[in-house]
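Structure data follow from entry08.txt (compact mmCIF, C-alpha atoms):
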# COMPACT_ATOMS: atom_id res chain seq x y z
CA MET A 1 54.02 170.23 154.41
CA LYS A 2 55.14 168.07 151.53
CA SER A 3 52.41 166.68 149.33
CA ALA A 4 52.37 163.00 148.35
CA PRO A 5 54.27 162.04 145.18
CA PRO A 6 52.30 162.17 141.91
CA SER A 7 50.41 159.03 141.05
CA GLY A 8 51.78 158.66 137.54
CA PRO A 9 50.04 156.88 134.65
CA GLY A 10 47.23 154.39 135.15
CA LEU A 11 47.79 150.68 135.73
CA PRO A 12 46.73 147.82 133.44
CA LEU A 13 43.73 145.94 134.78
CA GLY A 14 43.16 142.22 135.04
CA GLY A 15 39.98 140.39 134.10
CA ASP A 16 38.56 141.05 137.57
CA GLY A 17 38.94 144.81 137.13
CA TYR A 18 41.77 145.11 139.66
CA PRO A 19 45.32 146.18 138.74
CA ALA A 20 47.22 143.27 137.23
CA ALA A 21 50.53 142.58 138.99
CA GLY A 22 53.53 141.46 136.98
CA GLY A 23 55.09 139.86 140.05
CA VAL A 24 55.09 139.58 143.82
CA ALA A 25 58.06 140.20 146.11
CA ARG A 26 58.90 140.50 149.78
CA ARG A 27 61.33 143.41 149.98
CA PRO A 28 61.85 146.77 151.70
CA ALA A 29 59.65 149.66 150.55
CA GLY A 30 59.95 153.14 152.03
CA ARG A 31 57.46 155.95 152.45
CA ALA A 32 57.75 157.57 149.02
CA GLU A 33 57.54 154.26 147.16
CA SER A 34 54.62 153.05 149.29
CA VAL A 35 52.65 156.28 148.81
CA ARG A 36 53.26 156.36 145.07
CA ALA A 37 52.37 152.71 144.54
CA ASN A 38 49.27 152.64 146.69
CA ARG A 39 47.88 155.87 145.33
CA ARG A 40 48.11 154.49 141.80
CA TRP A 41 46.70 151.10 142.83
CA TRP A 42 43.65 152.53 144.59
CA ASP A 43 43.01 155.02 141.79
CA ALA A 44 42.86 152.10 139.36
CA ALA A 45 41.11 149.65 141.71
CA ALA A 46 38.34 151.96 142.95
CA PRO A 47 35.63 150.90 140.44
CA ALA A 48 36.24 147.16 140.92
CA TYR A 49 36.57 147.43 144.70
CA LEU A 50 33.33 149.35 145.10
CA ALA A 51 31.50 147.10 142.64
CA GLU A 52 32.54 144.13 144.80
CA HIS A 53 32.14 145.63 148.27
CA GLY A 54 30.08 148.80 147.88
CA ALA A 55 26.77 147.18 148.80
CA ASP A 56 28.22 145.87 152.05
CA LEU A 57 29.95 149.18 152.86
CA GLY A 58 26.79 151.12 152.13
CA ASP A 59 26.50 154.76 151.13
CA VAL A 60 25.79 156.09 154.63
CA ASP A 61 27.08 153.50 157.08
CA PHE A 62 30.07 152.86 159.35
CA LEU A 63 31.50 149.35 158.98
CA TRP A 64 34.64 148.83 161.04
CA CYS A 65 35.74 145.53 159.52
CA PRO A 66 34.84 142.50 157.39
CA GLU A 67 33.56 140.75 160.52
CA GLY A 68 30.56 143.06 160.35
CA LEU A 69 31.09 145.27 163.41
CA ARG A 70 29.36 148.61 162.88
CA GLU A 71 29.82 151.84 164.80
CA ALA A 72 26.07 152.06 165.37
CA ASP A 73 26.47 149.02 167.62
CA ALA A 74 30.04 149.34 168.91
CA ARG A 75 30.07 153.07 169.72
CA LEU A 76 33.85 153.08 169.85
CA LEU A 77 33.93 156.79 168.97
CA GLY A 78 31.49 157.84 171.65
CA ASP A 79 28.90 160.56 171.06
CA VAL A 80 30.00 162.41 167.92
CA ALA A 81 27.22 164.99 167.76
CA GLY A 82 28.78 168.45 167.56
CA ARG A 83 32.31 167.00 167.45
CA ARG A 84 34.94 167.75 164.81
CA VAL A 85 35.88 164.40 163.27
CA LEU A 86 38.64 163.50 160.82
CA GLU A 87 38.36 160.25 158.87
CA LEU A 88 41.62 158.87 157.49
CA GLY A 89 41.52 156.65 154.41
CA CYS A 90 37.85 157.37 153.80
CA GLY A 91 37.55 155.60 150.43
CA SER A 92 34.08 156.38 149.08
CA ALA A 93 33.32 158.01 152.49
CA PRO A 94 30.29 156.05 153.76
CA CYS A 95 31.65 156.32 157.33
CA ALA A 96 32.07 160.08 157.05
CA ARG A 97 28.50 160.48 155.77
CA TRP A 98 27.23 158.31 158.64
CA LEU A 99 29.11 160.52 161.08
CA ARG A 100 27.68 163.65 159.46
CA ALA A 101 24.18 162.21 159.73
CA ALA A 102 24.92 161.58 163.43
CA GLY A 103 25.62 165.29 163.90
CA ALA A 104 29.41 165.44 163.58
CA GLU A 105 31.42 168.05 161.67
CA VAL A 106 33.44 165.76 159.41
CA VAL A 107 36.41 166.01 157.07
CA ALA A 108 37.15 162.88 155.02
CA LEU A 109 40.69 162.30 153.77
CA ASP A 110 42.11 159.75 151.34
CA LEU A 111 45.28 159.27 149.30
CA SER A 112 43.39 158.20 146.17
CA ALA A 113 41.76 160.60 143.74
CA GLY A 114 39.88 157.64 142.27
CA MET A 115 38.26 156.86 145.58
CA LEU A 116 37.51 160.52 146.30
CA ALA A 117 35.80 160.86 142.93
CA ARG A 118 33.42 158.07 143.95
CA ALA A 119 32.98 159.75 147.33
CA ALA A 120 32.01 163.02 145.64
CA GLY A 121 29.43 161.21 143.52
CA LEU A 122 27.91 159.58 146.59
CA ASN A 123 27.90 162.91 148.42
CA ALA A 124 25.69 164.21 145.61
CA SER A 125 23.42 161.17 145.32
CA THR A 126 22.82 160.83 149.08
CA GLY A 127 22.46 164.55 149.73
CA ILE A 128 24.93 164.24 152.60
CA ALA A 129 27.96 166.30 151.63
CA VAL A 130 31.18 165.97 153.57
CA PRO A 131 34.39 167.86 152.73
CA LEU A 132 36.85 165.61 150.88
CA VAL A 133 40.63 166.08 151.01
CA GLN A 134 43.33 164.25 149.06
CA ALA A 135 46.39 163.89 151.27
CA ASP A 136 48.85 161.46 152.84
CA VAL A 137 48.30 160.50 156.48
CA GLY A 138 52.00 161.11 157.04
CA ALA A 139 51.54 164.83 156.31
CA LEU A 140 48.05 165.88 157.38
CA PRO A 141 46.95 169.31 156.12
CA ILE A 142 45.20 169.95 159.44
CA ALA A 143 46.08 172.45 162.17
CA ASP A 144 47.36 171.36 165.58
CA ALA A 145 44.65 170.27 168.07
CA ALA A 146 41.93 170.94 165.48
CA VAL A 147 39.81 167.79 165.80
CA ASP A 148 37.99 166.06 168.64
CA VAL A 149 37.97 162.59 167.09
CA ALA A 150 39.99 160.83 164.38
CA CYS A 151 39.12 157.45 162.92
CA SER A 152 40.24 155.00 160.27
CA ALA A 153 38.17 151.96 159.29
CA PHE A 154 40.71 149.81 157.42
CA GLY A 155 41.64 153.15 155.92
CA GLY A 156 45.28 153.17 155.03
CA LEU A 157 47.43 152.36 158.06
CA PRO A 158 48.39 148.87 156.77
CA PHE A 159 49.79 150.62 153.67
CA VAL A 160 51.89 153.18 155.57
CA ALA A 161 55.66 152.64 155.76
CA ASP A 162 56.27 155.07 158.65
CA VAL A 163 53.34 154.25 160.91
CA GLU A 164 54.91 155.97 163.92
CA GLY A 165 55.16 159.18 161.90
CA ALA A 166 51.54 158.81 160.79
CA LEU A 167 50.34 158.24 164.36
CA ALA A 168 52.37 161.24 165.52
CA GLU A 169 50.49 163.30 162.92
CA VAL A 170 47.20 161.99 164.30
CA ALA A 171 48.28 162.92 167.83
CA ARG A 172 49.26 166.39 166.62
CA VAL A 173 45.86 167.20 165.11
CA LEU A 174 43.85 165.79 168.05
CA ARG A 175 42.88 168.15 170.82
CA PRO A 176 43.97 167.10 174.34
CA GLY A 177 41.61 164.36 175.45
CA GLY A 178 40.64 163.61 171.84
CA ARG A 179 39.97 160.05 170.69
CA PHE A 180 41.51 158.03 167.85
CA VAL A 181 40.16 154.64 166.77
CA ALA A 182 41.56 152.61 163.88
CA SER A 183 40.89 149.14 162.52
CA VAL A 184 43.73 147.29 160.77
CA ASN A 185 44.49 143.80 159.49
CA HIS A 186 45.01 141.59 162.51
CA PRO A 187 48.74 140.77 162.61
CA VAL A 188 48.01 137.06 163.05
CA ARG A 189 46.81 137.00 159.41
CA TRP A 190 50.31 137.63 158.09
CA PRO A 191 51.81 134.10 158.34
CA PHE A 192 48.83 132.41 156.64
CA PRO A 193 47.84 132.16 152.96
CA ASP A 194 45.46 134.84 151.70
CA SER A 195 42.54 132.43 151.48
CA PRO A 196 39.12 132.27 153.17
CA ASP A 197 39.36 128.47 153.45
CA PRO A 198 39.98 127.34 157.06
CA ALA A 199 41.65 124.22 155.69
CA GLU A 200 44.49 126.49 154.53
CA LEU A 201 45.28 127.81 158.00
CA THR A 202 48.84 126.61 157.63
CA VAL A 203 51.75 128.86 158.55
CA VAL A 204 53.75 129.69 155.42
CA SER A 205 55.89 132.57 156.72
CA SER A 206 57.10 134.07 159.98
CA TYR A 207 54.82 136.28 162.05
CA PHE A 208 57.97 138.20 162.99
CA ASP A 209 59.04 138.92 159.40
CA ARG A 210 58.21 142.60 158.86
CA THR A 211 59.40 142.63 155.23
CA PRO A 212 56.66 144.34 153.20
CA TYR A 213 54.49 142.52 150.70
CA VAL A 214 55.02 144.19 147.32
CA GLU A 215 53.26 143.64 144.01
CA THR A 216 55.29 144.84 141.03
CA ASP A 217 54.81 145.68 137.38
CA ASP A 218 56.66 143.98 134.54
CA VAL A 219 59.84 145.99 135.19
CA GLY A 220 59.87 145.52 138.96
CA ARG A 221 58.34 148.82 140.06
CA ALA A 222 56.02 148.61 143.05
CA VAL A 223 52.32 148.92 142.23
CA TYR A 224 50.99 147.85 145.66
CA VAL A 225 52.67 147.74 149.07
CA GLU A 226 51.38 146.38 152.37
CA HIS A 227 53.30 146.62 155.64
CA HIS A 228 53.14 144.20 158.55
CA ARG A 229 53.41 144.95 162.26
CA THR A 230 53.05 142.57 165.15
CA VAL A 231 50.56 143.35 167.91
CA GLY A 232 53.48 144.58 170.01
CA ASP A 233 54.63 146.83 167.17
CA TRP A 234 51.21 148.48 167.05
CA VAL A 235 51.16 149.04 170.80
CA ARG A 236 54.66 150.56 170.78
CA ALA A 237 53.83 152.77 167.78
CA VAL A 238 50.77 154.15 169.57
CA VAL A 239 52.73 154.87 172.75
CA ARG A 240 55.69 156.44 170.93
CA ALA A 241 53.31 158.76 169.10
CA GLY A 242 52.25 160.17 172.46
CA LEU A 243 48.84 158.48 172.55
CA VAL A 244 47.30 156.38 175.30
CA LEU A 245 46.01 152.95 174.29
CA ASP A 246 42.70 152.35 176.07
CA ASP A 247 41.63 149.11 174.40
CA LEU A 248 42.47 146.50 171.78
CA VAL A 249 39.34 145.06 170.17
CA GLU A 250 39.36 141.78 168.21
CA PRO A 251 35.88 141.59 166.66
CA GLU A 252 34.26 138.19 166.41
CA TRP A 253 32.33 137.24 163.30
CA THR A 254 28.80 138.64 163.33
CA PRO A 255 26.24 135.79 163.60
CA GLY A 256 24.40 135.27 160.33
CA ARG A 257 26.84 137.32 158.26
CA THR A 258 27.74 135.49 155.03
CA GLU A 259 30.02 137.94 153.17
CA THR A 260 33.54 136.85 152.23
CA TRP A 261 36.24 139.52 151.80
CA GLY A 262 39.49 138.03 150.55
CA GLN A 263 40.91 136.12 153.49
CA TRP A 264 37.94 136.97 155.74
CA SER A 265 35.09 134.45 155.78
CA PRO A 266 32.53 133.10 158.27
CA ALA A 267 34.32 129.73 158.49
CA ARG A 268 37.75 131.22 159.00
CA GLY A 269 36.44 134.01 161.22
CA ALA A 270 35.10 131.41 163.63
CA LEU A 271 38.67 130.20 164.24
CA VAL A 272 41.07 133.16 164.16
CA PRO A 273 40.77 136.96 164.39
CA GLY A 274 40.98 138.98 161.20
CA THR A 275 40.86 142.53 162.54
CA LEU A 276 42.56 144.50 165.30
CA ILE A 277 40.97 147.75 166.47
CA LEU A 278 43.14 150.26 168.34
CA VAL A 279 41.19 152.52 170.70
CA CYS A 280 43.39 155.45 171.70
CA ARG A 281 43.30 158.99 173.07
CA ARG A 282 45.56 161.96 173.34
CA PRO A 283 46.29 162.70 177.01
CA ALA A 284 44.38 165.67 178.40

Could you write out this file's structure as structure tokens?
Amino acid sequence: MKSAPPSGPGLPLGGDGYPAAGGVARRPAGRAESVRANRRWWDAAAPAYLAEHGADLGDVDFLWCPEGLREADARLLGDVAGRRVLELGCGSAPCARWLRAAGAEVVALDLSAGMLARAAGLNASTGIAVPLVQADVGALPIADAAVDVACSAFGGLPFVADVEGALAEVARVLRPGGRFVASVNHPVRWPFPDSPDPAELTVVSSYFDRTPYVETDDVGRAVYVEHHRTVGDWVRAVVRAGLVLDDLVEPEWTPGRTETWGQWSPARGALVPGTLILVCRRPA
């Protein structure tokens, strides 16, 4: 299989520690450009992202979404003890370590070497080592029907240009009857400003506009790409990949949870959904 394009040189950082964008555009962005841009962005952003959110993510925990839904409570993956599990977009791999502690045989995959470096450090400090693989979800280095469960907790699918191809790869590596669960940005977020303030719940763009959101450098090259699908797009992508959609979960805000993640906040979460969770399986 083809490997993802090289990440290229590092990105300049802003005062908040995240990559500094020279501009923002809404324009087409294909697979190669999306992979290249997002690998570089997450390599550069890993320290700032984990400094901001690492305490909430935990070192050995499985958080599905900013609303605070955890796998220990939701059990969307079922009993994982003794199962072969593949995590896609693992980041610093707290979910994979939680799964390993629950008795699963886990492989954790991410596009970003920067994130995987942090994952390796946490493997060592926690004493829970999970295999880490750098790869693109569109070309999984996994044999056919090799895993019982695949999962992705906000782990990359919103950044994938060819989501049907990525889901077809997931279907390929799942054994018959295997389960796939993924949390993604809820599509209803797309038309609203990226703000946690409920007073700014004003539609500023079309829900039906699938043109990617692209941050660029000073010469117009993409440094970050996010793709939008409607709820119907997600359902069709799952079905076309040969998977069965068993459930769509829209988590409500966890009572007492005070964390704010970008557009996600307790006040806004009380009004509109921020996360969509796809619960799927490969037919037996």

(message) I need the residue nearest Ala120 in chain A from this list: A:Asp59, A:Glu71, A:Asp148, A:Asp247. Use only C-alpha atoms for the distance.
(response)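 Looking only at the distances to Ala120 in chain A, the closest residue turns out to be A:Asp59.
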
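Reported to one decimal place, the separation of CA of Val147 in chain A from CA of Arg84 in chain A is 5.0 Å.
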
Within 10 Å of Ala161 in chain A using only C-alpha atoms, minus same-chain residues under 2 positions, as a compact mmCIF listing (two decimals) with C-alpha atoms, in the frame of the given file:
# COMPACT_ATOMS: atom_id res chain seq x y z
CA PRO A 28 61.85 146.77 151.70
CA ALA A 29 59.65 149.66 150.55
CA GLY A 30 59.95 153.14 152.03
CA ARG A 31 57.46 155.95 152.45
CA ALA A 32 57.75 157.57 149.02
CA GLU A 33 57.54 154.26 147.16
CA SER A 34 54.62 153.05 149.29
CA VAL A 35 52.65 156.28 148.81
CA GLY A 138 52.00 161.11 157.04
CA LEU A 157 47.43 152.36 158.06
CA PRO A 158 48.39 148.87 156.77
CA PHE A 159 49.79 150.62 153.67
CA VAL A 163 53.34 154.25 160.91
CA GLU A 164 54.91 155.97 163.92
CA GLY A 165 55.16 159.18 161.90
CA ALA A 166 51.54 158.81 160.79
CA PRO A 212 56.66 144.34 153.20
CA VAL A 225 52.67 147.74 149.07
CA GLU A 226 51.38 146.38 152.37
CA HIS A 227 53.30 146.62 155.64
CA HIS A 228 53.14 144.20 158.55

(request) Using all atoms listed in the file, pick whichever of A:Leu13, A:Val137, A:Ala284, A:Gly23 has the shortest atom-to-atom distance to Ala168 in chain A. (result)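 Checking each of A:Leu13, A:Val137, A:Ala284, A:Gly23 against Ala168 in chain A, counting all atoms listed in the file, the winner is A:Val137.
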
(message) Measuring between only C-alpha atoms, which one of A:Cys65, A:Leu86, A:Leu271, A:Val107 shows the shortest distance to Glu200 in chain A?
(response)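 Ranking A:Cys65, A:Leu86, A:Leu271, A:Val107 by distance to Glu200 in chain A, first place goes to A:Leu271.
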
(message) Restricting the calculation to all atoms listed in the file: of A:Val214, A:Ala93, A:Ala150, A:Ala74, which residue gets closest to Gly177 in chain A?
(response)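 For Gly177 in chain A, the nearest of the given residues is A:Ala150.
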
(message) From the options A:Val133, A:Val204, A:Ala113, A:Leu69, which residue's atoms come nearest to Val249 in chain A, counting all atoms listed in the file?
(response)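 Among the listed residues, A:Leu69 lies closest to Val249 in chain A.
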
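CA of Cys280 in chain A sits 10.1 Å away from CA of Val235 in chain A.
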
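Atom pair CA of Thr258 in chain A / CA of Leu122 in chain A: separated by 25.5 Å.
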
(request) Find the residue from A:Leu57, A:Ala124, A:Ala96, A:Ala117 that sits nearest to Trp261 in chain A; use all atoms listed in the file when measuring. (result) A:Leu57

(message) Env of range 264-267 of chain A: 10 Å cut, atoms = all atoms listed in the file, seq-sep filter 5 positions within chain, self excluded. Answer as number ranges by chain.
(response) A: 65-67, 189, 194-199, 252-259, 272-275

Residues near Phe62 in chain A, cut-off 7 Å, all atoms listed in the file, skip fewer than 3 positions along chain, as a CSV table (one decimal) with C-alpha atoms, in the coordinates of the input:
chain,number,residue,atom,x,y,z
A,70,ARG,CA,29.4,148.6,162.9
A,71,GLU,CA,29.8,151.8,164.8
A,94,PRO,CA,30.3,156.0,153.8
A,95,CYS,CA,31.6,156.3,157.3
A,98,TRP,CA,27.2,158.3,158.6

Step by step, gather every atom of range 251-257 of chain A that the file lists, find the box along x, y and z that holds them, add 4 Å on each side, and finally give centre and edge lengths in Å to one decimal, as lines of an AutoDock Vina configuration file.
center_x = 30.1
center_y = 138.4
center_z = 162.5
size_x = 19.5
size_y = 14.3
size_z = 16.4

(message) Quick one: residues within 9 Å of Arg282 in chain A, all atoms listed in the file, excluding same-chain residues fewer than 4 positions away - as a VMD selection string?
(response) chain A and resid 171 to 172 174 to 180 242 to 244

(request) Do a neighbour search on Ala104 in chain A at 9 Å with all atoms listed in the file, toss out local chain neighbours closer than 2 positions, and write the hits as a PyMOL selection string. (result) chain A and resi 79-85+96+98-102+106
